[in-house]
Amino acid sequence: MDKIIVKGARENNLKNIDIELPKNKLIVMTGVSGSGKSSLAFDTIFAEGQRRYVESLSAYARQFIGGVEKPLVDSIEGLSPSISIDQKTTNKNPRSTVGTITEIYDFLRLLFARIGVPYCPKHHIPIQSQSIDEMTNKVMELEEGTKLLIMAPIVHGEKGTHKDLFDDLRSRGYARVRVNGNVYGLDEDIILEKNKKDNIDVVVDRIVLRKDERSRIFEAIETSTKLANGKVLINVIGGEEILMSEKYACLKCNYSIPELEPRLFSFNSPYGACPSCKGLGTKLKISENLIIPNRDKALSEGAIVPYNADNSIINTTLKAVCDYYDIDINMPVKDIPKKKFDYILYGSDVPIKIKYVAKNGNVRYTNDYFEGVINNLERRYLETSSAWIRDWLESFMIETDCAVCHGTRLMDSVLSIYIDGKNIYDLTKMSIKDLRSFLRGLKLSEEAKNISSLLLTEIDNRLTFLVNVGLEYLSLHRKAATLSGGESQRIRLATQIGSKLSGVLYVLDEPSIGLHQKDNEKLIASLKEMRDLGNTLIVVEHDIDTMLASDYLVDIGPKAGSDGGYVVACGTPLDVMKCKESITGNYLSGEKFIPVPKKRREGNGLYLEVVKASLNNLKNISVKFPLGKFVCVTGVSGSGKSSLVNEILYKSLARELYRSKEEPGKCEAILGMENVDKVVMISQDAIGRTPRSNPATYVGVFDDIRDLYANTKESKMHGYDKGRFSFNVKGGRCEACYGDGVKKIEMHFLPDVYVPCEVCHGTRYNKETLQIKYKGKNISEVLDMRVSEAALFFENVPVIKRKLDVLMDVGLSYIKLGQAAPSLSGGEAGRVKLSKELQKRPTGKSVFILDEPTTGLHIDDVKKLLKILDRIVDNGDTVIVIEHNLDVIKVADYIIDLGPDGGSLGGKVVALGTPEEVSKVKKSYTGMWLKKYLK
C-alpha cells in the first residue's frame, strides 16, 4: 500500500477526521498553535504505530514496557514501523556529552587505543618499549647493595577467581601472591573467594636479592615479564616502586603506562577518569558571594548567612577568632582587611583558645585550629547523610572546574597520549566542523593509516551528518544537559540519517527550532535524504521554507482548540495556497503578511552596556543595548547569543536587582543598571514539574475563581471558605490522590506513569466540594475549560476576565485552565510566563528578555505575539529577544547580530542598527536573508 489511510481520528480536539497521506514522501503538518496538528501526527499516527509494535512483542517483554493505550481513531491502514524525534532534551546526566550521545567519543577512544602515541608528561618524549637488557641496566644503575623485590603484576583491576592462573602459578613452583597488598599462600582457598566481586590487583613475588648479581637480576626480570605480559615491578626496599614494560615506559624516568585500551580514555571509567572529580570535570564549591550576599553587614549582624542562626557555639567561636586576629565583629565585612578575613573563611594558622559557656553554666575550654567557615561547610557537605542538609548547603555552592584536571575529566597520563600532536580532549574541544577537517588531514604512518581507515570513515560519516543538520558549531565535550530542544532533536535526526534505515515512518516536531535560515537549507536536504532512502516523514512545522519544500502539505485548523481539529487544506504547497479558507495558505501566497513598521522607535536615549564579554566563544566584545526599544539579538546557531543575553546580561541584572544566587558569565562590567528597576526572563523552561502546576495557578487567576466560588450562597450556607476550593490543602480536595487527580506509579528503571485517581476520577476534589456550582459548573469543570471558553463563562467578572484576556492575547486561547504543566510545550510555557508579567503595572524601566518566543507558533500567532511585545515597548519598557524568525527580526527597532559563524568562528559583533542598516552589511548572514523580508 502506497498510502497511510486514517479514518475517524478523534484524539484531543480532532473532529473525527479522515485523511490519506502518501508514503515515502516529505509531509509537513501545519496550522495555528493548538489546531490539532500534533494530535494527528504524534497522538494518533505515531501512537498507533508504537502500540502495534509493543503488541507484537512477547507478553514477557510487554510487562517491562507496559501497555500503550489505543488512540481515539477508527482505523489506520498502511502504517509502517514508526520513530518519533521530538524536542525533549536528550539527557540531564552530567556525564552525558554530545560525544557520548552520538557515540563519536566511543570511536575516538578506540582510535586512540589503536594508534595513539604515549608521551612522558615530565620529559615530553614518546614512551618507548624497553628490552630486558635495558631494564636490567636501569636496575644496575641503582646504588650498590640496594635490596630489591622483583615482582610480576599479573592482574590489574579485574574481577574473577582467576583459578586457572593460580593453578598455573602452583605448577611453576610459586608459593605466594599479593592480592590488593595482602599476602596469601597459593594453597589458601580464600584467594578464590575473595576476588569474585571486587576489582583486584595481583602481583607475584619473584625473588628478594641485593643489587649485586647482573645474571640473577636479568633472569628474575625475564621470568616476571613472561608471566606479566611484558611488565615488571621493581620494589626498592625502603624506597619507590619502579614499573617497567617491554611496551610503554620512559627511558629517562620511571614513568610507565599500561597497555592502551579504549576504557583508558573514558571519563566514566576509573581507569581514565580524573581521581579528584571522578570524571565529572567540575566540583561543587562554597561561593564566598553566596554565603556573604551583603558585605555592608557586620559579622555580628549575620553577614555570613549559613552562620546567622542563634547558635551560641558558632557565635562564641567566631567572636574568639575575631578577638585573636583583632577583627571588629561590628565592622561591615567590606571594611575588614582581606588577609584577616581569610582566617575566618579558610581557617586559623595557629591554635586558638576558646571558652564555651553552656546554658546551665558549665564552662569548657578548647585549644585548637579554627577550621574556617568555607572549609567547615564543604566538609559537612561531604560527610552528611541528610538530603535536606546537602540541598541546603548546595544553595551556597557554585560549580567550578576541577582544580586537578581543569575540566578535562581525564587523568594526566591519558592526556599525554597523542595523535598528530593532539590528545583526545583537544579533539573533543574542537567544533564538529574543525574536528572533521583535522581528522581528514591527519598525518599518519602507513601502518597507522591501515589500522585506522575504517574508524576514521565511521567518525567522518557521523560528523558529516551533524554538519548537515546545522550543528557544526557544537563540540563533543559540550554537556548534553545544556543542549536546547532543537539541538538535541537534530542530534537524534543525524543519528537516524546515519542508520540508513528504509521503510520507516519518522514523525518530527519542529526540527527547525533554533536554526538560522543559513542552516535551514542543510536541514531540509537531510530530511529529503531520509525520504529518498524509502522512508515517510511527517514533520510538524511552522517554518515557511520547510513547508514550501514539502511533497505534501496538510493544514489543520482553521483555528485553535474547539474551533480547530479539521483538515482545512491538503496537497502540494501550491494547492494549499489556492485554498482561501487556509490561514497558512494565505500567508504562503502573500495575501496575508506581517507588515514592516513605517517608523522605528527612537528609544529613551539610555543604554545597558556589556563591557568586554568573554564567556564561552564571545571574543571580548562590548555591546550596547538601547533602552525603550524592541531589540533583537540575532546570528547563526552557536554564535554566542545566549551567552551574551542569558548568561551575562540577565544574570548580572538579576544579581543586582534581586540578589540572585546565580553566577553571571564573564565580563568586565555592566554599565547603566541604574536605569532598570525590573528584569523579567521569559524562557521556555516548564512552569512546574508536577500535575499540580497549571496555567490557572501560575498566572493567579485561580485565586480569583476560588474567591468567586467561596462567595456563592451554597458555600456560605456550608461555611466553606476559599481554601475549600484548593486542591493543595486538606478540606475540599480528594485525599486519595491528595488533589493531584492522578496517582504516580514509580516504574523504577522506566519513566514514572500517571494514572487517573479511581476515587475522584481525575476531578481532584471530594463530592461535597463538587456540589458547589457557579452558573451550573463546579470548580473541577472550570479547570477543564479552555481559556476561550472560560473567558466567555466569566465575562461578567472583570478581575477574572482581564487575566484570561491576557492569556488569549498571547495566543493561548486553546489551552485548558487546569492543564498539567508538564504537558505544555516550551513555547506555551514561555507565553504563560509572559501573560503573568503583562498583568503587572508597567514601570517604564523594566527589561523583558525572551528566548526564541516564536517556538511552536504559527505565523498568525507570531503576529499576535508581536502586538503584545509592541504594547510593552510602547509603555516605555524594553524588550530584548533572541530570535531566528525573520518576521520578528524585521519589525525590531534595533538588531545586534553576532557571528559571523558558530562556535570558535563566532562570538563577534557582525552588525548593529535598524533592520535596514543590518541588511546592508555584506558579512552578516542575517542581513543577507533579511533583505527579501524587508521588501
# chains A, B, ... in the order shown; residues from 1 in each chain; ligands from 1
>>> select_by_dssp(residues="range 522-741 of chain A", states="strand (DSSP E or B)", output="ChimeraX atom specification")
/A:536-540,552-557,566-571,607-613,621-626,630-634,669-671,678-682,733
>>> closest_residue(among="A:Phe725, A:Gly688, A:Asn766, A:Val596", to="Lys931 in chain A", atoms="only C-alpha atoms")
A:Val596
>>> atom_distance(atom1="CA of Glu144 in chain A", atom2="CA of Ile237 in chain A")
13.2 Å
>>> closest_residue(among="A:Ile896, A:Val54, A:Ile424, A:Val631", to="Val910 in chain A", atoms="only C-alpha atoms")
A:Ile896
>>> residues_around(residues="range 364-377 of chain A", least_positions_apart="6", cutoff="9 Å", atoms="only C-alpha atoms", output="list in words")
Lys285, Ile286, Ser287, Glu288, Ile291, Ile304, Pro306, Tyr307, Thr317, Val321, Asp342, Tyr343, Ile344, Leu345, Tyr346, Gly347, Ser348, Asp349, Val350, Pro351, Ile352, Lys353, Ile354, Lys355, Tyr356, Val357, Ala358 and Leu393 of chain A
>>> atom_distance(atom1="CA of Val73 in chain A", atom2="CA of Asp509 in chain A")
21.0 Å
>>> closest_residue(among="A:Glu674, A:Glu219, A:Glu259, A:Asp168", to="Arg114 in chain A", atoms="only C-alpha atoms")
A:Glu259
>>> atom_distance(atom1="CA of Gly903 in chain A", atom2="CA of Arg478 in chain A")
11.2 Å
>>> residues_around(residues="Glu69 in chain A", least_positions_apart="6", cutoff="10 Å", atoms="only C-alpha atoms", output="number ranges by chain")
A: 47-48, 50-51
>>> write_last_selection(atoms="all heavy atoms", output="CSV table (one decimal), in the first residue's frame")
chain,number,residue,atom,x,y,z
A,47,ALA,N,1.4,7.3,17.8
A,47,ALA,CA,1.0,6.5,19.0
A,47,ALA,C,0.4,5.1,18.5
A,47,ALA,O,0.7,4.1,19.2
A,47,ALA,CB,-0.1,7.2,19.8
A,48,GLU,N,-0.3,5.1,17.4
A,48,GLU,CA,-0.8,3.8,16.9
A,48,GLU,C,0.3,2.9,16.4
A,48,GLU,O,0.3,1.7,16.6
A,48,GLU,CB,-1.9,4.0,15.8
A,48,GLU,CG,-2.5,2.8,15.2
A,48,GLU,CD,-3.3,1.9,16.2
A,48,GLU,OE1,-3.5,2.3,17.3
A,48,GLU,OE2,-3.7,0.8,15.7
A,50,GLN,N,3.4,2.9,17.5
A,50,GLN,CA,4.1,2.5,18.7
A,50,GLN,C,3.3,1.3,19.4
A,50,GLN,O,3.8,0.3,19.8
A,50,GLN,CB,4.2,3.6,19.6
A,50,GLN,CG,5.1,3.3,20.8
A,50,GLN,CD,5.2,4.5,21.8
A,50,GLN,OE1,4.2,5.2,22.0
A,50,GLN,NE2,6.4,4.8,22.3
A,51,ARG,N,1.9,1.5,19.4
A,51,ARG,CA,1.1,0.5,20.1
A,51,ARG,C,1.2,-0.8,19.3
A,51,ARG,O,1.3,-1.9,20.0
A,51,ARG,CB,-0.4,1.0,20.1
A,51,ARG,CG,-1.3,0.1,20.9
A,51,ARG,CD,-2.8,0.5,20.7
A,51,ARG,NE,-3.3,0.3,19.4
A,51,ARG,CZ,-3.7,-0.9,19.0
A,51,ARG,NH1,-3.8,-1.9,19.8
A,51,ARG,NH2,-4.2,-1.0,17.7
>>> closest_residue(among="A:Ser385, A:Thr97, A:Ser550, A:Ser589", to="Ser488 in chain A", atoms="only C-alpha atoms")
A:Thr97
>>> closest_residue(among="A:Thr464, A:Ile132, A:Ala613, A:Asn875", to="Thr223 in chain A", atoms="only C-alpha atoms")
A:Ile132
>>> select_by_dssp(residues="range 881-932 of chain A", states="alpha helix (DSSP H)", output="number ranges by chain")
A: 886-889, 915-918, 925-932
>>> residues_around(residues="Glu141 in chain A", least_positions_apart="5", cutoff="12 Å", atoms="only C-alpha atoms", output="PyMOL selection string")
chain A and resi 134-136+146+211-212+214
>>> write_last_selection(atoms="N, CA, C and O atoms", output="mmCIF file, in the first residue's frame")
data_model
loop_
_atom_site.group_PDB
_atom_site.id
_atom_site.type_symbol
_atom_site.label_atom_id
_atom_site.label_comp_id
_atom_site.auth_asym_id
_atom_site.auth_seq_id
_atom_site.Cartn_x
_atom_site.Cartn_y
_atom_site.Cartn_z
ATOM 1 N N GLU A 134 67.740 -3.526 28.669
ATOM 2 C CA GLU A 134 67.620 -2.126 29.109
ATOM 3 C C GLU A 134 67.061 -2.042 30.530
ATOM 4 O O GLU A 134 67.490 -1.222 31.339
ATOM 5 N N MET A 135 66.067 -2.903 30.824
ATOM 6 C CA MET A 135 65.511 -2.915 32.182
ATOM 7 C C MET A 135 66.590 -3.309 33.196
ATOM 8 O O MET A 135 66.711 -2.691 34.263
ATOM 9 N N THR A 136 67.378 -4.327 32.865
ATOM 10 C CA THR A 136 68.428 -4.801 33.782
ATOM 11 C C THR A 136 69.468 -3.704 33.998
ATOM 12 O O THR A 136 69.917 -3.461 35.127
ATOM 13 N N THR A 146 71.652 -2.258 47.109
ATOM 14 C CA THR A 146 70.220 -1.975 47.280
ATOM 15 C C THR A 146 69.431 -3.283 47.292
ATOM 16 O O THR A 146 69.635 -4.154 46.447
ATOM 17 N N LYS A 211 71.341 -5.829 44.874
ATOM 18 C CA LYS A 211 71.723 -5.451 43.518
ATOM 19 C C LYS A 211 73.231 -5.694 43.351
ATOM 20 O O LYS A 211 74.051 -4.793 43.478
ATOM 21 N N ASP A 212 73.558 -6.976 43.174
ATOM 22 C CA ASP A 212 74.985 -7.280 43.077
ATOM 23 C C ASP A 212 75.295 -8.358 42.034
ATOM 24 O O ASP A 212 76.442 -8.631 41.737
ATOM 25 N N ARG A 214 74.253 -9.363 38.168
ATOM 26 C CA ARG A 214 73.506 -8.998 36.965
ATOM 27 C C ARG A 214 72.733 -10.180 36.385
ATOM 28 O O ARG A 214 71.582 -10.043 35.980
#
